[in-house]
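These notes concern the structure reproduced below.
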Amino acid sequence: MPAAESVFRREFPVKGGDFAKAGAAACEIKELLKELGIDSATVRRAAIVAYEAEMNVIMYAREARMDLAVSPDEVRLVVADRGPGIPDIELAMTEGYSTATAEMRELGFGAGMGLPNIKRNADVFAIDSEVGRGTRLDIIIRTNGHIKS
Ligand SMILES: Nc1ncnc2c1ncn2[C@@H]1O[C@H](COP(=O)(O)OP(=O)(O)OP(=O)(O)O)[C@@H](O)[C@H]1O
Ligand SMILES: [Mg+2]
């Protein structure tokens with residue numbers, strides 16, 4: 001990303017186990033992107049990606065920081081958590097695979113579709129994980145236009 005381009009940045013902390021705030025960061029991100037004038041299709045994709053990443057932190061990790069960076073051309077989201085990590089990333093990326101508990105499934109989570117959905121909605125997607133330390137997602141979504149000025 002060229003240094004000259006204007007970039008809007010914001011950080012969102014997320015706490016593991018905090019189901020009371022489920023989706024709060026994703027919701028804020030969605031509203032921010034709308035305010036910045038990002039096109040609605042891009043806002044929709046970013047909101048899905050942010051929501052699924054946030055929920056995975058709430059369900060599986062201890063804590064995380066979601067770093068949002070918005071330029072006229074793209075929305076970047078980095079979600080780095082401290083937590084158990086993912087022992088088999090290929091398996092975790094498989095549609096339908098989930099280690100969600102019975103309680104989580106009762107709340108409607110655990111379809112095993114979060115990570116595949118993130119990948120589908122991102123133009124660039126990278127996942128790195130270290131067992132016993134945590135997981136990091138790097139996501140880029142290209143916009144379809146330009147921020148209104
Ligand atoms: N941040 C994370 N830390 C540790 N494990 C994770 C993390 N994110 C995902 N996983 C593991 O990968 C699996 C698949 O994640 P995915 O988001 O695709 O499905 P899910 O969260 O189980 O269900 P859904 O997202 O459909 O509610 C999870 O069940 C969990 O075992
Ligand atoms: Mg999930």
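As shown in the structure tokens, the chain order sets the letters A, B, ...; within each chain, residues go from 1, and ligands are also counted from 1 in the order they appear.
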Which residues of chain A come within 8 Å of ligand 2, and for each one, what is the closest pair of atoms and their distance in Å to one decimal, counting only C-alpha atoms and all ligand atoms, sorted by chain and residue number, as CSV?
residue,atom,partner,partner_atom_place_in_ligand_line,distance
A:Glu52,CA,ligand 2,1 (Mg),5.4
A:Ala53,CA,ligand 2,1 (Mg),6.9
A:Met55,CA,ligand 2,1 (Mg),5.9
A:Asn56,CA,ligand 2,1 (Mg),4.6
A:Met59,CA,ligand 2,1 (Mg),7.7
A:Ser98,CA,ligand 2,1 (Mg),7.9
A:Phe109,CA,ligand 2,1 (Mg),7.1
A:Gly110,CA,ligand 2,1 (Mg),6.5
A:Ala111,CA,ligand 2,1 (Mg),7.6
A:Gly112,CA,ligand 2,1 (Mg),6.2
A:Met113,CA,ligand 2,1 (Mg),6.3
A:Gly114,CA,ligand 2,1 (Mg),3.9
A:Leu115,CA,ligand 2,1 (Mg),6.1
With N, CA and C atoms kept, could you save the residues just selected as a PDB file, in the first residue's frame?
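As a result, out23.pdb now contains:
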ATOM      1  N   GLU A  52     -17.272 -13.445  11.661  1.00  0.00           N
ATOM      2  CA  GLU A  52     -16.813 -14.832  11.830  1.00  0.00           C
ATOM      3  C   GLU A  52     -15.486 -14.883  12.591  1.00  0.00           C
ATOM      4  N   ALA A  53     -14.599 -13.927  12.301  1.00  0.00           N
ATOM      5  CA  ALA A  53     -13.305 -13.904  12.997  1.00  0.00           C
ATOM      6  C   ALA A  53     -13.504 -13.546  14.472  1.00  0.00           C
ATOM      7  N   MET A  55     -16.223 -14.019  16.296  1.00  0.00           N
ATOM      8  CA  MET A  55     -16.869 -15.132  16.999  1.00  0.00           C
ATOM      9  C   MET A  55     -15.879 -16.254  17.289  1.00  0.00           C
ATOM     10  N   ASN A  56     -14.956 -16.496  16.387  1.00  0.00           N
ATOM     11  CA  ASN A  56     -13.973 -17.543  16.658  1.00  0.00           C
ATOM     12  C   ASN A  56     -13.095 -17.177  17.847  1.00  0.00           C
ATOM     13  N   MET A  59     -15.263 -17.721  20.920  1.00  0.00           N
ATOM     14  CA  MET A  59     -15.511 -19.140  21.201  1.00  0.00           C
ATOM     15  C   MET A  59     -14.258 -19.927  21.575  1.00  0.00           C
ATOM     16  N   SER A  98     -16.026 -28.686  13.138  1.00  0.00           N
ATOM     17  CA  SER A  98     -16.169 -27.785  14.278  1.00  0.00           C
ATOM     18  C   SER A  98     -15.881 -28.505  15.581  1.00  0.00           C
ATOM     19  N   PHE A 109     -24.133 -21.606  16.996  1.00  0.00           N
ATOM     20  CA  PHE A 109     -22.793 -21.629  16.408  1.00  0.00           C
ATOM     21  C   PHE A 109     -22.362 -23.081  16.188  1.00  0.00           C
ATOM     22  N   GLY A 110     -21.227 -23.240  15.503  1.00  0.00           N
ATOM     23  CA  GLY A 110     -20.664 -24.578  15.370  1.00  0.00           C
ATOM     24  C   GLY A 110     -21.029 -25.308  14.091  1.00  0.00           C
ATOM     25  N   ALA A 111     -21.458 -24.558  13.072  1.00  0.00           N
ATOM     26  CA  ALA A 111     -21.729 -25.191  11.775  1.00  0.00           C
ATOM     27  C   ALA A 111     -20.427 -25.548  11.047  1.00  0.00           C
ATOM     28  N   GLY A 112     -19.332 -25.008  11.541  1.00  0.00           N
ATOM     29  CA  GLY A 112     -18.055 -25.252  10.871  1.00  0.00           C
ATOM     30  C   GLY A 112     -17.954 -24.506   9.551  1.00  0.00           C
ATOM     31  N   MET A 113     -18.597 -23.353   9.488  1.00  0.00           N
ATOM     32  CA  MET A 113     -18.621 -22.574   8.247  1.00  0.00           C
ATOM     33  C   MET A 113     -17.899 -21.241   8.358  1.00  0.00           C
ATOM     34  N   GLY A 114     -17.429 -20.889   9.549  1.00  0.00           N
ATOM     35  CA  GLY A 114     -16.833 -19.572   9.757  1.00  0.00           C
ATOM     36  C   GLY A 114     -15.581 -19.330   8.928  1.00  0.00           C
ATOM     37  N   LEU A 115     -14.596 -20.190   9.092  1.00  0.00           N
ATOM     38  CA  LEU A 115     -13.337 -19.996   8.358  1.00  0.00           C
ATOM     39  C   LEU A 115     -13.550 -20.126   6.844  1.00  0.00           C
TER      40      LEU A 115
END
Next item on the list: Check every protein, DNA and RNA residue against ligand 1, keep those with an atom at most 9 Å away (counting only C-alpha atoms and all ligand atoms), and present them as a ChimeraX atom specification.
Entry: /A:52-62,64,79-89,91-101,104-105,108-118,129,131,134-137
Item checked: Atom pair CA of Arg45 (chain A) / CA of Asp123 (chain A): separation (Å) ->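 For CA of Arg45 (chain A) relative to CA of Asp123 (chain A), the distance reads 10.1 Å.
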Item checked: Shell of 9 Å around Tyr51 (chain A), only C-alpha atoms, local chain residues under 5 positions omitted, as JSON, numbers by chain -> {"A": [22, 23, 24, 25, 26, 27, 46, 56, 114]}
Next item on the list: Could you please determine the separation between CA of Val78 (chain A) and CA of Val43 (chain A) in Å, to one decimal place?
Entry: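 Going from CA of Val78 (chain A) over to CA of Val43 (chain A) covers 16.2 Å.
These are the residues of region 8-86 of chain A assigned strand (DSSP E) by DSSP from backbone coordinates: Phe8, Arg9, Arg10, Glu11, Phe12, Pro13, Val14, Lys15, Glu63, Ala64, Arg65, Met66, Asp67, Leu68, Ala69, Val70, Glu74, Val75, Arg76, Leu77, Val78, Val79, Ala80, Asp81 and Arg82 of chain A.
Take CA of Pro13 (chain A) and CA of Glu63 (chain A): the distance between them is 7.5 Å.
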Notebook entry, point to check: What are the DSSP alpha helix (DSSP H) residues of chain A, as a ChimeraX atom specification?
Noted result: /A:24-35,40-60,89-92,102-106,114-121
